[in-house]
Amino acid sequence: MVDMLADDDPAIRARVVAHLAQAGERAAAALRAAQSTTSHPHRIEEALTAVHREYALAELDRFRSIEPAGAAETGALLVARVLDPSIDADEVLRFLDKLADVAPGPLRGDDPARALRTLAVFMYSVWGFDGARADYPNPANSLLDQVVARRTGLPITLGVVYLAVAQRVGMPLEGVGLPAHFVLRHPDVTDQPYLDPFNRARLLNQSECEEIVQTHGFTFEPRHLAAVSPQEIAARICRNLILAYRRQQDVEREDLARDAHRRLRPGQDMLTV
């Protein structure tokens, strides 16, 4: 099949690529082996991209099956790999490990309020993670590899970085999917248990979260403060990407984001998003 990528008929090549994508790692190994000897390296690269993308979609299926378990960064990275299979997910994970390794001691301490304050200072003042207010609609703000590289993003992707660090240091941080906004919560903190990663890592109480909901035009309901699963975080990232690519009239990438969302939330109609 790899040899058939040399065929000049695009329809034949498309069918071959589809078969290779379904073959998974065996196909990827054969394609990598052919890269140095082939007369059509660009076609090999296109096929490798398709194989890696199909693998990421299949991994999203598996990720959905373990809900509500799993790590938020796992889902976010799989979504990013559907859009760009060439990203180095291991590099992102190594960076998250590094953040946890150099995190201040109070994050691991037995004072929850101090730990949350320390996390806010560490992520915003030390590492510079903050909201992308100047270019909010940019799809890069929803792609975890880009958020890590640029230190900026949407509330939810910034929240994924915080959740990854917290999980690594043993802090019980939760993601809270307010309508049109995303915040974090430490369940053991009583005064100002919420953190807004998009707005200079400010700490919030429940009343301030309710104000955020109302500011975005929604009527606050107690259910808005429920913790969300890693799978719902990944699905919400997909919905943000669908809207971002629609604004750019990038039909191809919008469709890829839809495919990722279908793996996480099969049967959920995205036409009205």
# chains A, B, ... in the order shown; residues from 1 in each chain; ligands from 1
$ residues_around --residues "region 162-166 of chain A" --least-positions-apart "3" --cutoff "8 Å" --atoms "only C-alpha atoms" --output "list in words"
Ala71, Ala72, Glu73, Leu96, Asp97, Leu99, Ala100, Leu107, Met123, Leu158, Gly159, Val169, Gly170, Met171, Pro172, Leu173, Glu174, Gly175 and Pro197 of chain A
$ write_last_selection --atoms "C-alpha atoms" --output "mmCIF file, in the first residue's frame"
data_model
loop_
_atom_site.group_PDB
_atom_site.id
_atom_site.type_symbol
_atom_site.label_atom_id
_atom_site.label_comp_id
_atom_site.auth_asym_id
_atom_site.auth_seq_id
_atom_site.Cartn_x
_atom_site.Cartn_y
_atom_site.Cartn_z
ATOM 1 C CA ALA A 71 -6.097 13.827 33.187
ATOM 2 C CA ALA A 72 -7.309 17.088 31.684
ATOM 3 C CA GLU A 73 -4.067 17.554 29.756
ATOM 4 C CA LEU A 96 4.171 20.382 32.782
ATOM 5 C CA ASP A 97 6.387 18.010 34.782
ATOM 6 C CA LEU A 99 6.408 23.250 36.361
ATOM 7 C CA ALA A 100 5.458 20.789 39.076
ATOM 8 C CA LEU A 107 1.623 23.939 46.994
ATOM 9 C CA MET A 123 1.522 30.565 37.511
ATOM 10 C CA LEU A 158 -5.091 27.920 30.909
ATOM 11 C CA GLY A 159 -7.137 25.980 33.437
ATOM 12 C CA VAL A 169 1.837 18.153 43.359
ATOM 13 C CA GLY A 170 -1.166 16.514 45.008
ATOM 14 C CA MET A 171 -3.457 19.546 45.173
ATOM 15 C CA PRO A 172 -7.175 18.670 44.784
ATOM 16 C CA LEU A 173 -8.049 21.337 42.210
ATOM 17 C CA GLU A 174 -11.298 21.130 40.207
ATOM 18 C CA GLY A 175 -12.407 22.646 36.924
ATOM 19 C CA PRO A 197 -6.658 31.761 35.339
#
$ residues_around --residues "Asp145 (chain A)" --least-positions-apart "3" --cutoff "12 Å" --atoms "only C-alpha atoms" --output "JSON, numbers by chain"
{"A": [73, 74, 76, 77, 78, 79, 80, 81, 83, 84, 85, 86, 87, 88, 89, 90, 91, 92, 93, 94, 95, 96, 139, 140, 141, 142, 148, 149, 150, 151, 152, 153, 157, 158, 160, 161]}
$ residues_around --residues "region 176-181 of chain A" --least-positions-apart "3" --cutoff "6 Å" --atoms "only C-alpha atoms" --output "PyMOL selection string"
chain A and resi 184+224-225+227-228
$ atom_distance --atom1 "CA of Phe220 (chain A)" --atom2 "CA of Arg133 (chain A)"
23.9 Å
$ select_by_dssp --residues "region 71-259 of chain A" --states "strand (DSSP E or B)" --output "list of chain:residue names"
A:Asp130, A:Gly131, A:Thr152, A:Gly153, A:Glu174, A:Gly175, A:Val176, A:Val183, A:Leu184, A:Arg185, A:Tyr194, A:Leu195, A:Asp196, A:Arg202, A:Leu203, A:Leu204, A:Ala227
$ write_last_selection --atoms "all heavy atoms" --output "short mmCIF file (atom, residue, chain, number, x, y, z; two decimals), in the first residue's frame"
data_model
loop_
_atom_site.label_atom_id
_atom_site.label_comp_id
_atom_site.auth_asym_id
_atom_site.auth_seq_id
_atom_site.Cartn_x
_atom_site.Cartn_y
_atom_site.Cartn_z
N ASP A 130 -1.44 33.97 31.44
CA ASP A 130 -2.54 34.92 31.58
C ASP A 130 -3.45 34.83 30.35
O ASP A 130 -3.10 34.21 29.33
CB ASP A 130 -2.01 36.34 31.75
CG ASP A 130 -3.06 37.31 32.30
OD1 ASP A 130 -4.05 36.83 32.90
OD2 ASP A 130 -2.92 38.52 32.11
N GLY A 131 -4.59 35.48 30.43
CA GLY A 131 -5.59 35.39 29.37
C GLY A 131 -5.19 36.11 28.10
O GLY A 131 -4.53 37.15 28.12
N THR A 152 -0.25 31.94 27.09
CA THR A 152 -1.53 32.64 27.05
C THR A 152 -2.55 31.77 26.37
O THR A 152 -2.21 30.89 25.57
CB THR A 152 -1.40 34.00 26.33
OG1 THR A 152 -2.60 34.75 26.49
CG2 THR A 152 -1.11 33.83 24.84
N GLY A 153 -3.83 32.00 26.68
CA GLY A 153 -4.87 31.19 26.07
C GLY A 153 -6.23 31.56 26.61
O GLY A 153 -6.40 32.58 27.28
N GLU A 174 -10.20 21.54 41.09
CA GLU A 174 -11.30 21.13 40.21
C GLU A 174 -11.53 22.19 39.13
O GLU A 174 -11.33 23.38 39.36
CB GLU A 174 -12.60 20.99 41.00
CG GLU A 174 -12.56 19.97 42.12
CD GLU A 174 -13.80 20.01 42.99
OE1 GLU A 174 -14.45 21.08 43.08
OE2 GLU A 174 -14.11 18.97 43.60
N GLY A 175 -11.97 21.73 37.96
CA GLY A 175 -12.41 22.65 36.92
C GLY A 175 -13.90 22.90 37.04
O GLY A 175 -14.68 21.97 37.27
N VAL A 176 -14.29 24.17 36.91
CA VAL A 176 -15.69 24.56 37.01
C VAL A 176 -16.07 25.28 35.72
O VAL A 176 -15.53 26.34 35.40
CB VAL A 176 -15.94 25.48 38.23
CG1 VAL A 176 -17.38 25.94 38.26
CG2 VAL A 176 -15.57 24.75 39.52
N VAL A 183 -13.38 28.50 35.45
CA VAL A 183 -12.58 28.82 36.63
C VAL A 183 -12.17 27.51 37.31
O VAL A 183 -12.60 26.42 36.92
CB VAL A 183 -13.34 29.73 37.61
CG1 VAL A 183 -13.65 31.08 36.97
CG2 VAL A 183 -14.63 29.05 38.10
N LEU A 184 -11.34 27.66 38.33
CA LEU A 184 -10.86 26.53 39.09
C LEU A 184 -11.31 26.66 40.54
O LEU A 184 -11.55 27.78 41.01
CB LEU A 184 -9.32 26.46 39.01
CG LEU A 184 -8.77 26.39 37.59
CD1 LEU A 184 -7.33 26.84 37.55
CD2 LEU A 184 -8.91 24.98 37.03
N ARG A 185 -11.39 25.54 41.24
CA ARG A 185 -11.82 25.58 42.63
C ARG A 185 -11.01 24.59 43.47
O ARG A 185 -10.77 23.46 43.05
CB ARG A 185 -13.31 25.22 42.73
CG ARG A 185 -13.82 25.15 44.18
CD ARG A 185 -15.32 24.90 44.23
NE ARG A 185 -15.68 23.67 43.55
CZ ARG A 185 -16.82 23.50 42.87
NH1 ARG A 185 -17.68 24.48 42.76
NH2 ARG A 185 -17.07 22.35 42.28
N TYR A 194 -12.19 29.95 44.60
CA TYR A 194 -12.15 29.91 43.14
C TYR A 194 -10.97 30.73 42.62
O TYR A 194 -10.56 31.72 43.22
CB TYR A 194 -13.45 30.46 42.54
CG TYR A 194 -14.66 29.65 42.91
CD1 TYR A 194 -15.40 29.96 44.06
CD2 TYR A 194 -15.06 28.56 42.15
CE1 TYR A 194 -16.51 29.21 44.42
CE2 TYR A 194 -16.16 27.80 42.50
CZ TYR A 194 -16.89 28.13 43.64
OH TYR A 194 -17.98 27.38 43.99
N LEU A 195 -10.44 30.30 41.48
CA LEU A 195 -9.32 30.99 40.84
C LEU A 195 -9.65 31.19 39.37
O LEU A 195 -10.08 30.25 38.69
CB LEU A 195 -8.04 30.16 41.01
CG LEU A 195 -6.71 30.78 40.56
CD1 LEU A 195 -5.56 30.12 41.33
CD2 LEU A 195 -6.47 30.63 39.07
N ASP A 196 -9.43 32.40 38.88
CA ASP A 196 -9.69 32.74 37.48
C ASP A 196 -8.35 32.81 36.74
O ASP A 196 -7.65 33.81 36.82
CB ASP A 196 -10.42 34.08 37.40
CG ASP A 196 -10.79 34.46 35.97
OD1 ASP A 196 -10.36 33.76 35.03
OD2 ASP A 196 -11.51 35.46 35.80
N ARG A 202 -6.69 35.81 39.57
CA ARG A 202 -7.34 36.38 40.75
C ARG A 202 -8.18 35.33 41.45
O ARG A 202 -8.74 34.43 40.82
CB ARG A 202 -8.22 37.58 40.35
CG ARG A 202 -9.38 37.23 39.43
CD ARG A 202 -10.26 38.43 39.19
NE ARG A 202 -11.37 38.08 38.30
CZ ARG A 202 -12.57 38.63 38.36
NH1 ARG A 202 -12.82 39.58 39.25
NH2 ARG A 202 -13.52 38.28 37.51
N LEU A 203 -8.25 35.46 42.77
CA LEU A 203 -9.05 34.56 43.58
C LEU A 203 -10.45 35.13 43.73
O LEU A 203 -10.64 36.35 43.81
CB LEU A 203 -8.40 34.35 44.94
CG LEU A 203 -6.99 33.74 44.91
CD1 LEU A 203 -6.46 33.57 46.32
CD2 LEU A 203 -6.99 32.42 44.17
N LEU A 204 -11.45 34.23 43.77
CA LEU A 204 -12.86 34.65 43.77
C LEU A 204 -13.63 33.91 44.84
O LEU A 204 -13.29 32.78 45.22
CB LEU A 204 -13.50 34.33 42.41
CG LEU A 204 -12.80 34.81 41.14
CD1 LEU A 204 -13.39 34.11 39.93
CD2 LEU A 204 -12.92 36.31 41.01
N ALA A 227 -18.33 20.72 39.41
CA ALA A 227 -17.05 20.35 38.81
C ALA A 227 -17.30 19.56 37.52
O ALA A 227 -18.27 18.81 37.42
CB ALA A 227 -16.24 19.51 39.78
#
$ select_by_dssp --residues "region 18-243 of chain A" --states "helix (DSSP H, G or I)" --output "number ranges by chain"
A: 18-23, 25-34, 41-65, 72-83, 89-101, 105-108, 112-126, 139-142, 144-150, 155-169, 206-215, 222-225, 230-243
$ atom_distance --atom1 "CA of Ala120 (chain A)" --atom2 "CA of Ala244 (chain A)"
27.8 Å
$ residues_around --residues "Asn205 (chain A)" --least-positions-apart "6" --cutoff "8 Å" --atoms "only C-alpha atoms" --output "ChimeraX atom specification"
/A:191-194
$ write_last_selection --atoms "N, CA, C and O atoms" --output "short mmCIF file (atom, residue, chain, number, x, y, z; two decimals), in the first residue's frame"
data_model
loop_
_atom_site.label_atom_id
_atom_site.label_comp_id
_atom_site.auth_asym_id
_atom_site.auth_seq_id
_atom_site.Cartn_x
_atom_site.Cartn_y
_atom_site.Cartn_z
N ASP A 191 -12.88 30.50 52.09
CA ASP A 191 -12.94 31.89 51.66
C ASP A 191 -12.17 32.04 50.35
O ASP A 191 -10.99 31.70 50.28
N GLN A 192 -12.84 32.52 49.31
CA GLN A 192 -12.23 32.65 47.97
C GLN A 192 -11.63 31.33 47.48
O GLN A 192 -10.42 31.23 47.23
N PRO A 193 -12.45 30.30 47.32
CA PRO A 193 -11.94 29.01 46.85
C PRO A 193 -11.77 28.92 45.34
O PRO A 193 -11.25 27.91 44.85
N TYR A 194 -12.19 29.95 44.60
CA TYR A 194 -12.15 29.91 43.14
C TYR A 194 -10.97 30.73 42.62
O TYR A 194 -10.56 31.72 43.22
#
$ residues_around --residues "Asp61 (chain A)" --least-positions-apart "5" --cutoff "10 Å" --atoms "only C-alpha atoms" --output "number ranges by chain"
A: 55-56, 66, 260, 262-266
$ residues_around --residues "Glu252 (chain A)" --least-positions-apart "4" --cutoff "12 Å" --atoms "only C-alpha atoms" --output "number ranges by chain"
A: 82-83, 241-242, 245-246, 248, 256-259
$ residues_around --residues "Ala132 (chain A)" --least-positions-apart "3" --cutoff "9 Å" --atoms "only C-alpha atoms" --output "list in words"
Asp135, Tyr136, Pro137, Asn138, Asn141, Thr152, Gly153, Leu154, Pro155 and Phe198 of chain A
$ write_last_selection --atoms "all heavy atoms" --output "mmCIF file, in the first residue's frame"
data_model
loop_
_atom_site.group_PDB
_atom_site.id
_atom_site.type_symbol
_atom_site.label_atom_id
_atom_site.label_comp_id
_atom_site.auth_asym_id
_atom_site.auth_seq_id
_atom_site.Cartn_x
_atom_site.Cartn_y
_atom_site.Cartn_z
ATOM 1 N N ASP A 135 -6.322 38.804 21.502
ATOM 2 C CA ASP A 135 -6.713 37.994 20.332
ATOM 3 C C ASP A 135 -7.512 36.780 20.773
ATOM 4 O O ASP A 135 -7.223 35.646 20.395
ATOM 5 C CB ASP A 135 -5.484 37.585 19.513
ATOM 6 C CG ASP A 135 -4.545 36.653 20.276
ATOM 7 O OD1 ASP A 135 -4.632 36.619 21.522
ATOM 8 O OD2 ASP A 135 -3.743 35.950 19.630
ATOM 9 N N TYR A 136 -8.540 37.005 21.558
ATOM 10 C CA TYR A 136 -9.345 35.929 22.151
ATOM 11 C C TYR A 136 -9.798 34.887 21.115
ATOM 12 O O TYR A 136 -9.725 33.688 21.391
ATOM 13 C CB TYR A 136 -10.553 36.546 22.861
ATOM 14 C CG TYR A 136 -11.304 35.593 23.763
ATOM 15 C CD1 TYR A 136 -11.063 35.564 25.128
ATOM 16 C CD2 TYR A 136 -12.286 34.738 23.249
ATOM 17 C CE1 TYR A 136 -11.764 34.698 25.966
ATOM 18 C CE2 TYR A 136 -12.976 33.874 24.078
ATOM 19 C CZ TYR A 136 -12.714 33.860 25.436
ATOM 20 O OH TYR A 136 -13.402 32.993 26.252
ATOM 21 N N PRO A 137 -10.279 35.276 19.915
ATOM 22 C CA PRO A 137 -10.813 34.272 18.984
ATOM 23 C C PRO A 137 -9.751 33.399 18.308
ATOM 24 O O PRO A 137 -10.102 32.464 17.588
ATOM 25 C CB PRO A 137 -11.545 35.119 17.925
ATOM 26 C CG PRO A 137 -11.676 36.487 18.514
ATOM 27 C CD PRO A 137 -10.500 36.654 19.410
ATOM 28 N N ASN A 138 -8.479 33.688 18.489
ATOM 29 C CA ASN A 138 -7.416 32.939 17.824
ATOM 30 C C ASN A 138 -7.480 31.456 18.218
ATOM 31 O O ASN A 138 -7.443 31.128 19.395
ATOM 32 C CB ASN A 138 -6.059 33.528 18.225
ATOM 33 C CG ASN A 138 -4.899 32.926 17.454
ATOM 34 O OD1 ASN A 138 -5.022 31.866 16.833
ATOM 35 N ND2 ASN A 138 -3.772 33.591 17.490
ATOM 36 N N ASN A 141 -5.336 29.783 20.964
ATOM 37 C CA ASN A 141 -5.657 29.907 22.384
ATOM 38 C C ASN A 141 -6.391 28.696 22.934
ATOM 39 O O ASN A 141 -6.585 28.590 24.147
ATOM 40 C CB ASN A 141 -6.498 31.170 22.616
ATOM 41 C CG ASN A 141 -5.728 32.436 22.323
ATOM 42 O OD1 ASN A 141 -4.538 32.527 22.596
ATOM 43 N ND2 ASN A 141 -6.406 33.420 21.740
ATOM 44 N N THR A 152 -0.247 31.944 27.092
ATOM 45 C CA THR A 152 -1.528 32.645 27.053
ATOM 46 C C THR A 152 -2.555 31.766 26.370
ATOM 47 O O THR A 152 -2.207 30.888 25.571
ATOM 48 C CB THR A 152 -1.400 34.000 26.328
ATOM 49 O OG1 THR A 152 -2.605 34.748 26.488
ATOM 50 C CG2 THR A 152 -1.111 33.828 24.843
ATOM 51 N N GLY A 153 -3.828 32.002 26.675
ATOM 52 C CA GLY A 153 -4.870 31.188 26.070
ATOM 53 C C GLY A 153 -6.233 31.556 26.608
ATOM 54 O O GLY A 153 -6.405 32.584 27.277
ATOM 55 N N LEU A 154 -7.212 30.714 26.323
ATOM 56 C CA LEU A 154 -8.559 30.896 26.849
ATOM 57 C C LEU A 154 -8.611 30.415 28.300
ATOM 58 O O LEU A 154 -7.718 29.703 28.762
ATOM 59 C CB LEU A 154 -9.558 30.116 25.997
ATOM 60 C CG LEU A 154 -9.716 30.521 24.528
ATOM 61 C CD1 LEU A 154 -10.925 29.816 23.925
ATOM 62 C CD2 LEU A 154 -9.829 32.014 24.353
ATOM 63 N N PRO A 155 -9.666 30.780 29.015
ATOM 64 C CA PRO A 155 -9.763 30.338 30.406
ATOM 65 C C PRO A 155 -9.626 28.828 30.572
ATOM 66 O O PRO A 155 -8.960 28.358 31.496
ATOM 67 C CB PRO A 155 -11.158 30.823 30.825
ATOM 68 C CG PRO A 155 -11.417 32.008 29.957
ATOM 69 C CD PRO A 155 -10.774 31.690 28.640
ATOM 70 N N PHE A 198 -7.694 33.246 33.711
ATOM 71 C CA PHE A 198 -7.701 34.155 32.566
ATOM 72 C C PHE A 198 -7.444 35.602 32.977
ATOM 73 O O PHE A 198 -6.958 36.396 32.173
ATOM 74 C CB PHE A 198 -9.052 34.061 31.848
ATOM 75 C CG PHE A 198 -9.117 34.805 30.544
ATOM 76 C CD1 PHE A 198 -8.564 34.278 29.387
ATOM 77 C CD2 PHE A 198 -9.738 36.042 30.464
ATOM 78 C CE1 PHE A 198 -8.624 34.960 28.179
ATOM 79 C CE2 PHE A 198 -9.817 36.735 29.262
ATOM 80 C CZ PHE A 198 -9.252 36.191 28.119
#
$ closest_residue --among "A:Arg64, A:Arg108, A:Arg168, A:Arg253" --to "Pro230 (chain A)" --atoms "only C-alpha atoms"
A:Arg64
